[in-house]
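Shown here: target_3.txt, compact mmCIF, C-alpha atoms and all ligand atoms.
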# COMPACT_ATOMS: atom_id res chain seq x y z
CA MET M 716 211.26 77.97 45.05
CA PRO M 717 208.37 79.44 46.94
CA THR M 718 207.78 83.00 45.81
CA PRO M 719 206.41 85.12 48.61
CA ASN M 720 204.60 88.04 47.00
CA VAL M 721 205.12 90.29 49.99
CA PRO M 722 208.23 91.96 51.39
CA ALA M 723 210.32 89.86 53.77
CA HIS M 724 209.93 92.37 56.61
CA SER M 725 206.13 92.17 56.71
CA SER M 726 204.26 90.55 59.63
CA GLU M 727 205.47 87.21 60.96
CA ARG M 728 201.93 85.89 61.26
CA PRO M 729 201.53 82.64 59.27
CA ARG M 730 200.07 83.34 55.86
CA PRO M 731 197.68 81.30 53.77
CA LEU M 732 199.51 79.14 51.28
CA VAL M 733 198.57 79.05 47.60
CA VAL M 734 199.80 75.98 45.71
CA THR M 735 199.50 76.03 41.94
CA ALA M 736 201.62 76.18 38.81
CA ASP M 737 198.67 77.32 36.71
CA PRO M 738 199.47 80.98 35.95
CA GLU M 739 195.88 81.98 35.30
CA LEU M 740 194.60 80.34 38.47
CA LEU M 741 197.46 81.95 40.41
CA ASP M 742 196.62 85.37 38.98
CA ASP M 743 193.01 84.94 40.03
CA VAL M 744 193.81 83.77 43.56
CA LEU M 745 196.39 86.53 44.14
CA ARG M 746 193.90 89.13 42.95
CA LEU M 747 191.28 87.77 45.38
CA ALA M 748 193.81 87.63 48.24
CA ALA M 749 194.71 91.27 47.54
CA ALA M 750 191.02 92.19 47.56
CA GLY M 751 190.79 90.55 50.98
CA THR M 752 193.99 92.40 52.04
CA ALA M 753 195.63 89.09 52.92
CA GLU M 754 199.30 88.36 52.47
CA VAL M 755 199.91 84.91 51.08
CA ARG M 756 202.75 82.58 50.26
CA VAL M 757 202.91 80.80 46.96
CA ALA M 758 204.37 77.42 46.07
CA ILE M 759 204.36 75.99 42.57
CA ASP M 760 204.12 72.36 43.63
CA ALA M 761 204.05 69.92 46.55
CA VAL M 762 207.82 70.01 47.04
CA ALA M 763 207.86 73.79 47.38
CA ALA M 764 204.75 73.67 49.54
CA ARG M 765 206.02 71.13 52.07
CA PRO M 766 207.95 73.47 54.44
CA MET M 767 204.96 75.82 54.71
CA TRP M 768 202.12 73.33 54.58
CA THR M 769 201.46 72.64 58.25
CA SER M 770 202.04 76.17 59.54
CA ALA M 771 199.73 77.78 56.98
CA PRO M 772 196.35 78.80 58.47
CA PHE M 773 194.82 77.33 55.33
CA VAL M 774 195.98 76.07 51.95
CA VAL M 775 194.39 77.11 48.67
CA LEU M 776 195.30 74.12 46.54
CA GLY M 777 195.02 74.37 42.76
CA ALA M 778 193.50 71.43 40.91
CA ASP M 779 196.77 71.03 39.00
CA ALA M 780 198.77 70.41 42.20
CA VAL M 781 196.42 67.94 43.87
CA GLU M 782 197.99 64.70 42.68
CA GLY M 783 201.48 65.81 43.66
CA CYS M 784 200.32 66.65 47.17
CA ILE M 785 198.64 63.29 47.56
CA ARG M 786 201.72 61.47 46.26
CA THR M 787 204.03 63.27 48.67
CA GLY M 788 201.78 62.66 51.66
CA LEU M 789 200.72 66.25 52.29
CA ALA M 790 197.08 65.30 52.51
CA GLY M 791 195.08 65.67 55.67
CA ARG M 792 197.46 67.90 57.60
CA ALA M 793 196.10 71.37 56.97
CA ALA M 794 192.80 73.08 56.22
CA VAL M 795 192.59 72.74 52.45
CA ILE M 796 190.47 74.67 49.98
CA LEU M 797 190.55 72.79 46.71
CA ILE M 798 190.19 75.25 43.86
CA ALA M 799 189.77 75.20 40.08
CA ARG M 800 188.80 77.57 37.32
CA GLU M 801 185.58 76.84 35.51
CA ALA M 802 187.38 77.27 32.20
CA GLY M 803 190.26 75.03 33.26
CA VAL M 804 190.72 71.29 32.97
CA GLU M 805 188.34 68.98 34.83
CA PRO M 806 189.74 68.90 38.36
CA PRO M 807 190.45 65.64 40.20
CA TRP M 808 187.56 66.10 42.65
CA HIS M 809 187.77 62.45 43.60
CA TYR M 810 190.83 63.36 45.67
CA ALA M 811 188.87 65.81 47.82
CA GLU M 812 188.19 63.18 50.44
CA ALA M 813 191.78 61.93 50.61
CA LEU M 814 192.89 65.54 51.05
CA ARG M 815 190.18 66.09 53.64
CA ALA M 816 189.42 69.27 51.74
CA GLU M 817 187.28 71.62 53.80
CA HIS M 818 185.91 73.29 50.73
CA VAL M 819 185.80 72.58 47.05
CA VAL M 820 185.34 75.75 45.04
CA VAL M 821 185.27 76.84 41.42
CA LEU M 822 186.15 80.29 40.11
CA PRO M 823 184.63 82.64 39.19
CA ALA M 824 181.52 81.47 41.12
CA ALA M 825 183.38 81.37 44.43
CA GLU M 826 185.23 84.69 44.05
CA ALA M 827 183.28 86.64 46.68
CA TRP M 828 183.51 83.76 49.12
CA LEU M 829 187.26 83.46 48.69
CA VAL M 830 187.74 87.21 49.17
CA ASP M 831 185.78 86.89 52.44
CA ARG M 832 187.93 83.95 53.50
CA PHE M 833 191.10 85.93 52.91
CA ALA M 834 189.60 89.01 54.56
CA ASP M 835 188.61 87.01 57.64
CA HIS M 836 192.16 85.81 57.92
CA ALA M 837 193.55 89.32 57.44
CA THR M 838 191.31 90.79 60.15
CA GLY M 839 191.54 87.78 62.46
CA SER M 840 187.77 87.37 62.36
CA PRO M 841 186.11 83.99 61.79
CA GLY M 842 183.05 85.76 60.33
CA ARG M 843 180.37 87.92 61.84
CA GLY M 844 177.88 85.18 62.66
CA ARG M 845 177.36 83.91 66.20
CA VAL M 846 176.65 80.21 66.68
CA VAL M 847 174.39 78.79 69.39
CA ALA M 848 173.35 75.17 69.81
CA VAL M 849 170.34 73.57 71.48
CA LEU M 850 169.76 69.99 72.56
CA GLY M 851 167.38 68.05 74.76
CA GLY M 852 168.18 66.14 77.93
CA ARG M 853 165.57 63.56 76.98
CA GLY M 854 163.41 62.83 73.95
CA GLY M 855 160.64 65.34 73.30
CA ALA M 856 162.04 67.88 75.78
CA GLY M 857 161.32 70.79 73.45
CA ALA M 858 164.83 71.39 72.07
CA SER M 859 163.84 71.65 68.41
CA VAL M 860 161.02 74.01 69.29
CA LEU M 861 163.39 76.20 71.30
CA ALA M 862 166.04 76.19 68.54
CA THR M 863 163.40 77.17 65.99
CA GLY M 864 161.97 79.81 68.33
CA LEU M 865 165.42 81.36 68.71
CA ALA M 866 165.87 81.49 64.94
CA VAL M 867 162.41 82.95 64.38
CA THR M 868 162.94 85.55 67.11
CA ALA M 869 166.28 86.60 65.64
CA GLN M 870 164.56 86.92 62.27
CA ARG M 871 161.89 89.13 63.84
CA TYR M 872 164.69 91.47 64.85
CA GLY M 873 165.78 91.54 61.20
CA TYR M 874 168.92 89.50 61.68
CA ASP M 875 170.17 87.22 58.94
CA THR M 876 169.71 83.85 60.57
CA LEU M 877 170.49 80.28 59.62
CA LEU M 878 168.82 77.37 61.42
CA ILE M 879 170.78 74.15 61.00
CA ASP M 880 169.16 70.80 61.69
CA ALA M 881 171.79 68.39 62.99
CA ASP M 882 169.40 65.61 64.03
CA PRO M 883 169.09 62.92 61.34
CA LEU M 884 166.25 61.25 63.24
CA GLY M 885 164.32 64.41 64.10
CA GLY M 886 162.00 64.30 61.09
CA GLY M 887 163.28 67.61 59.70
CA VAL M 888 163.30 70.94 61.50
CA ASP M 889 161.63 72.50 58.43
CA LEU M 890 158.50 70.78 59.73
CA VAL M 891 158.70 72.70 63.02
CA LEU M 892 158.61 75.91 60.99
CA GLY M 893 155.77 74.62 58.85
CA TRP M 894 158.12 74.90 55.86
CA GLU M 895 158.16 71.26 54.77
CA ARG M 896 156.65 72.12 51.38
CA MET M 897 158.93 75.07 50.78
CA ARG M 898 161.28 74.73 47.84
CA GLY M 899 165.01 74.65 48.44
CA LEU M 900 167.76 72.22 49.19
CA ARG M 901 167.94 69.97 52.23
CA TRP M 902 170.83 67.92 53.59
CA PRO M 903 170.33 64.86 51.36
CA GLU M 904 170.51 66.96 48.19
CA LEU M 905 173.28 69.17 49.51
CA VAL M 906 175.68 66.49 50.55
CA ASP M 907 177.10 64.74 47.55
CA ALA M 908 178.64 61.31 47.57
CA ARG M 909 181.89 62.66 49.01
CA GLY M 910 180.32 64.81 51.66
CA ARG M 911 181.14 68.07 49.93
CA VAL M 912 179.10 71.20 50.22
CA ASN M 913 179.66 74.14 47.92
CA PRO M 914 179.88 77.03 50.39
CA PRO M 915 179.30 80.00 48.08
CA ALA M 916 175.99 78.61 46.90
CA LEU M 917 174.91 77.17 50.21
CA VAL M 918 172.67 79.67 51.98
CA GLY M 919 171.03 80.98 48.81
CA ALA M 920 169.92 77.49 47.83
CA LEU M 921 168.12 76.75 51.11
CA PRO M 922 164.44 77.15 51.92
CA GLY M 923 164.02 80.60 53.39
CA GLN M 924 161.71 83.46 54.04
CA GLY M 925 162.90 86.99 54.70
CA SER M 926 166.13 86.85 56.64
CA LEU M 927 165.70 83.27 57.89
CA ALA M 928 167.09 80.25 56.03
CA VAL M 929 166.96 76.64 57.16
CA LEU M 930 169.25 73.73 56.44
CA SER M 931 167.09 70.77 57.32
CA PHE M 932 166.91 67.04 57.00
CA ASP M 933 163.88 65.81 55.12
CA ARG M 934 161.79 62.69 55.49
CA SER M 935 164.21 60.51 53.48
CA GLU M 936 166.94 58.34 54.91
CA LEU M 937 170.25 60.03 55.53
CA ASP M 938 171.99 58.55 58.55
CA ALA M 939 174.31 61.41 59.28
CA VAL M 940 175.83 64.57 57.90
CA PRO M 941 179.51 64.16 57.04
CA VAL M 942 181.72 66.19 59.35
CA GLU M 943 183.15 68.20 56.43
CA ALA M 944 179.66 69.11 55.26
CA MET M 945 178.65 70.38 58.71
CA ALA M 946 181.90 72.35 58.93
CA ALA M 947 181.18 73.92 55.54
CA ALA M 948 177.62 74.79 56.54
CA LEU M 949 178.76 76.40 59.80
CA ASP M 950 181.44 78.26 57.94
CA ALA M 951 178.95 79.59 55.40
CA GLY M 952 176.62 80.58 58.25
CA ARG M 953 179.31 82.36 60.22
CA ARG M 954 180.45 84.28 57.19
CA GLY M 955 177.11 85.20 55.72
CA ARG M 956 174.63 85.41 58.62
CA ASP M 957 174.34 87.22 61.93
CA LEU M 958 173.21 84.16 63.86
CA VAL M 959 173.43 80.41 63.33
CA VAL M 960 171.23 78.19 65.52
CA VAL M 961 171.96 74.46 65.51
CA ASP M 962 169.34 71.93 66.59
CA LEU M 963 171.41 69.02 67.91
CA PRO M 964 170.46 65.38 68.44
CA ARG M 965 170.87 63.89 71.91
CA ARG M 966 173.12 61.18 70.53
CA LEU M 967 176.04 63.36 69.46
CA ASP M 968 177.72 62.28 66.23
CA GLY M 969 180.84 63.75 64.58
CA ALA M 970 178.91 66.52 62.85
CA SER M 971 177.20 67.48 66.12
CA LEU M 972 180.53 67.73 67.89
CA VAL M 973 181.83 70.02 65.15
CA ALA M 974 178.78 72.24 65.64
CA LEU M 975 179.12 72.20 69.43
CA THR M 976 182.75 73.19 69.20
CA ALA M 977 181.83 76.09 66.91
CA ALA M 978 179.05 77.24 69.26
CA GLU M 979 179.82 80.06 71.65
CA ARG M 980 176.89 78.93 73.76
CA ALA M 981 174.73 75.81 74.07
CA TYR M 982 171.43 75.20 75.82
CA LEU M 983 170.32 71.89 77.28
CA VAL M 984 166.54 71.63 77.61
CA VAL M 985 165.56 69.42 80.53
CA PRO M 986 162.00 68.71 81.72
CA ALA M 987 161.57 69.31 85.46
CA GLU M 988 161.24 65.60 86.21
CA LEU M 989 163.47 63.33 88.23
CA ARG M 990 164.10 60.82 85.47
CA ALA M 991 164.83 63.54 82.92
CA CYS M 992 167.44 64.97 85.29
CA ALA M 993 169.07 61.59 85.68
CA ALA M 994 169.07 61.04 81.91
CA SER M 995 170.50 64.51 81.28
CA ARG M 996 173.48 64.24 83.58
CA ARG M 997 175.67 62.30 81.19
CA THR M 998 174.64 64.45 78.21
CA ALA M 999 175.51 67.57 80.19
CA SER M 1000 179.03 66.39 80.94
CA VAL M 1001 179.71 65.33 77.33
CA VAL M 1002 178.35 68.60 75.95
CA ALA M 1003 180.22 70.78 78.46
CA ALA M 1004 183.49 69.17 77.40
CA HIS M 1005 182.95 70.54 73.88
CA CYS M 1006 181.15 73.79 74.68
CA PRO M 1007 181.94 75.10 78.17
CA ALA M 1008 179.30 77.85 77.92
CA LEU M 1009 176.47 75.39 78.48
CA GLY M 1010 173.27 76.72 80.05
CA LEU M 1011 170.21 74.89 81.29
CA VAL M 1012 166.65 75.55 80.16
CA VAL M 1013 164.12 73.85 82.40
CA ARG M 1014 160.89 72.83 80.74
CA LEU M 1015 157.82 72.98 82.95
CA PRO M 1016 155.51 71.65 84.30
CA ALA M 1017 157.14 69.95 87.23
CA PRO M 1018 154.73 67.12 88.06
CA GLY M 1019 156.65 66.25 91.24
CA GLY M 1020 157.25 69.86 92.22
CA VAL M 1021 160.96 69.87 91.32
CA ASP M 1022 162.22 73.46 91.29
CA PRO M 1023 164.26 74.71 88.25
CA ASP M 1024 167.09 75.70 90.61
CA GLU M 1025 167.16 72.16 91.96
CA VAL M 1026 167.48 70.80 88.42
CA ALA M 1027 170.35 73.23 87.81
CA ALA M 1028 172.08 72.19 91.03
CA ALA M 1029 171.61 68.50 90.24
CA LEU M 1030 173.19 68.94 86.81
CA GLY M 1031 175.81 71.46 87.90
CA LEU M 1032 174.71 73.89 85.18
CA PRO M 1033 173.78 77.57 85.31
CA LEU M 1034 170.05 78.12 84.86
CA ALA M 1035 169.64 80.09 81.63
CA GLY M 1036 165.85 80.12 81.58
CA VAL M 1037 162.56 78.38 82.18
CA LEU M 1038 160.14 77.28 79.50
CA PRO M 1039 156.57 76.64 80.61
CA THR M 1040 154.40 74.35 78.55
CA ASP M 1041 152.19 76.49 76.36
CA PRO M 1042 149.08 74.70 75.03
CA ARG M 1043 148.62 77.40 72.37
CA LEU M 1044 152.13 76.74 71.14
CA ALA M 1045 151.49 72.99 70.95
CA ARG M 1046 148.34 73.68 68.87
CA ALA M 1047 150.14 76.20 66.65
CA LEU M 1048 152.85 73.64 65.90
CA GLU M 1049 150.24 71.15 64.71
CA THR M 1050 148.89 73.70 62.24
CA GLY M 1051 152.29 74.64 60.84
CA SER M 1052 152.70 78.03 62.54
CA PRO M 1053 156.33 78.79 63.41
CA PRO M 1054 157.12 78.79 67.15
CA ALA M 1055 157.50 82.33 68.56
CA GLY M 1056 156.25 83.59 65.19
CA THR M 1057 153.81 86.06 66.74
CA GLY M 1058 156.43 87.39 69.16
CA ARG M 1059 154.08 86.65 72.06
CA GLY M 1060 153.95 83.89 74.66
CA PRO M 1061 156.45 82.29 77.04
CA LEU M 1062 158.63 80.83 74.28
CA ALA M 1063 159.04 84.21 72.57
CA ASP M 1064 159.87 85.78 75.95
CA LEU M 1065 162.49 83.17 76.69
CA CYS M 1066 164.03 83.48 73.20
CA ARG M 1067 164.34 87.26 73.57
CA GLN M 1068 165.98 86.76 76.94
CA LEU M 1069 168.46 84.16 75.64
CA LEU M 1070 169.39 86.22 72.58
CA GLY M 1071 169.85 89.24 74.85
CA ASP M 1072 172.30 87.19 76.93
CA LEU M 1073 174.66 86.85 73.96
CA ARG M 1074 177.42 89.32 74.62
CA PRO M 1075 177.80 92.12 72.07
CA ARG M 1076 180.59 91.80 69.57
CA ARG M 1077 182.55 94.21 67.49
CA HIS M 1078 180.40 93.81 64.38
CA ARG M 1079 176.72 93.42 65.10
CA VAL M 1080 174.79 92.77 68.24
CA VAL M 1081 172.03 90.21 68.00
CA VAL M 1082 169.48 92.07 70.09
CA PRO M 1083 168.97 95.79 69.68
N1 LIG M 1101 157.02 75.05 75.12
C1 LIG M 1101 156.20 74.08 74.72
N2 LIG M 1101 154.88 74.11 75.05
C2 LIG M 1101 154.04 73.13 74.65
N3 LIG M 1101 154.41 72.07 73.93
C3 LIG M 1101 155.69 71.98 73.56
C4 LIG M 1101 156.66 72.96 73.93
N4 LIG M 1101 157.85 72.60 73.45
C5 LIG M 1101 157.66 71.43 72.81
N5 LIG M 1101 156.37 71.07 72.87
C6 LIG M 1101 155.75 69.84 72.34
O1 LIG M 1101 156.67 68.80 72.45
C7 LIG M 1101 156.91 68.20 71.19
C8 LIG M 1101 158.37 67.83 71.09
O2 LIG M 1101 159.13 69.02 71.04
P1 LIG M 1101 160.52 69.04 70.29
O3 LIG M 1101 160.42 68.35 68.99
O4 LIG M 1101 161.01 70.43 70.32
O5 LIG M 1101 161.38 68.16 71.31
P2 LIG M 1101 162.88 67.66 71.13
O6 LIG M 1101 163.55 67.83 72.44
O7 LIG M 1101 163.50 68.32 69.96
O8 LIG M 1101 162.61 66.14 70.86
P3 LIG M 1101 163.47 65.06 70.01
O9 LIG M 1101 164.02 64.17 71.06
O10 LIG M 1101 162.45 64.41 69.15
O11 LIG M 1101 164.49 65.82 69.25
C9 LIG M 1101 156.47 69.25 70.18
O12 LIG M 1101 156.03 68.66 68.99
C10 LIG M 1101 155.35 69.94 70.91
O13 LIG M 1101 154.15 69.26 70.72
MG MG M 1102 164.49 67.62 68.32
Hey, can you dump this file as structure tokens for me?
Amino acid sequence: MPTPNVPAHSSERPRPLVVTADPELLDDVLRLAAAGTAEVRVAIDAVAARPMWTSAPFVVLGADAVEGCIRTGLAGRAAVILIAREAGVEPPWHYAEALRAEHVVVLPAAEAWLVDRFADHATGSPGRGRVVAVLGGRGGAGASVLATGLAVTAQRYGYDTLLIDADPLGGGVDLVLGWERMRGLRWPELVDARGRVNPPALVGALPGQGSLAVLSFDRSELDAVPVEAMAAALDAGRRGRDLVVVDLPRRLDGASLVALTAAERAYLVVPAELRACAASRRTASVVAAHCPALGLVVRLPAPGGVDPDEVAAALGLPLAGVLPTDPRLARALETGSPPAGTGRGPLADLCRQLLGDLRPRRHRVVVP
């Protein structure tokens, strides 16, 4: 029988489901749920879990119960956190993919993370971090530079910021920062053979300086980030940072769509040229379907005299800003200086303006 550990009259809101028959693991998870002030339901095995499985906001599935859940076909229907104790038996991690586990965590290392996860559920908050995404309407539009400028500007305000590179063919956004030699993990080392990312360790293991961390591709061959890995990275960013900026590829893959869906706002950078407008039209409609708050950034110069408002009208997008070409910026990039790093110039101005446009939230506001 499921054993709810809360009185029957308490809130009707669906509760996270804990599935395990391991008493020590159960003790640990219940203690962490209590620390996060979350009410949970408990099932000792797959049979007991079945009636609650799909309605649970997420399932914390003990390593001991994994095989039973797979056998009874519970896999893939709910957000699953696969959990084990370090001191326990070797968990069947090879089932993580079949379960479509969002996270794979080991206690005690993941204790703080799990408390946060329960607390976010209890308070109805997905985490304090805001997510914005940037992509280009054509190749070389300046999207990666803008994404990096936004992250650097947020850092200059003292905000904990995570810059996520979602473009496997972009050459690594760490290079735009001039951080390509900086130690720390990049996507290829972070994503293991099954696409898992260990969320508690994630941000701390990345290259970073001050309050800015970057999750970048490197110069090796990794075709794509698995969707689960991107979801885990976004989740870690939302929970642990004030701002997450995602540099998207123009050819949107599964991981990019996950990031776009998580973004409260996206910016499409389009050069003020006729052909760039034509090329951007399709991208704009695909992106807007996943992130309705899509704004246009027009990159100047306009060789044919096209006005930024005309570009906006042609694409049917609100004009969020204009980015003039800055020869000093182009030179600075070649010498490894981070864009907007001095806080001066048109890029820094635009980044301040765009960050200021993010509406304040209950927790922290991005721009003072
Ligand atoms: N505001 C700017 N002023 C001057 N040069 C710029 C500016 N933005 C970008 N550039 C130049 O354009 C190049 C391409 O920029 P960036 O990599 O940001 O484009 P992208 O849209 O991300 O391209 P990709 O299609 O490769 O992802 C930069 O290396 C830089 O030389
Ligand atoms: Mg780019």
For the point (169.7, 75.4, 72.0) in file coordinates, what residues are within 9 Å, counting only C-alpha atoms? Give the answer as JSON, numbers by chain? {"M": [847, 848, 849, 850, 851, 858, 859, 861, 862, 863, 865, 960, 961, 962, 963, 980, 981, 982, 983, 984, 1010, 1012]}
Taking all atoms listed in the file into account, report as a PyMOL selection string which residues have an atom no farther than 6 Å from an atom of ligand LIG 1101 (chain M). chain M and resi 851+854-860+885+1038-1042+1044-1045
Quick check, in Å to one decimal: how far apart do atom CA of M:Asp835 and atom CA of M:Val820 lie? 17.2 Å
Distance of atom CA of M:Thr876 from atom CA of M:Pro941, expressed in Å to one decimal place: 22.3 Å
Suppose you want the space between atom CA of M:His818 and atom CA of M:Leu967; what is it in Å?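 Between atom CA of M:His818 and atom CA of M:Leu967 the gap is 23.4 Å.
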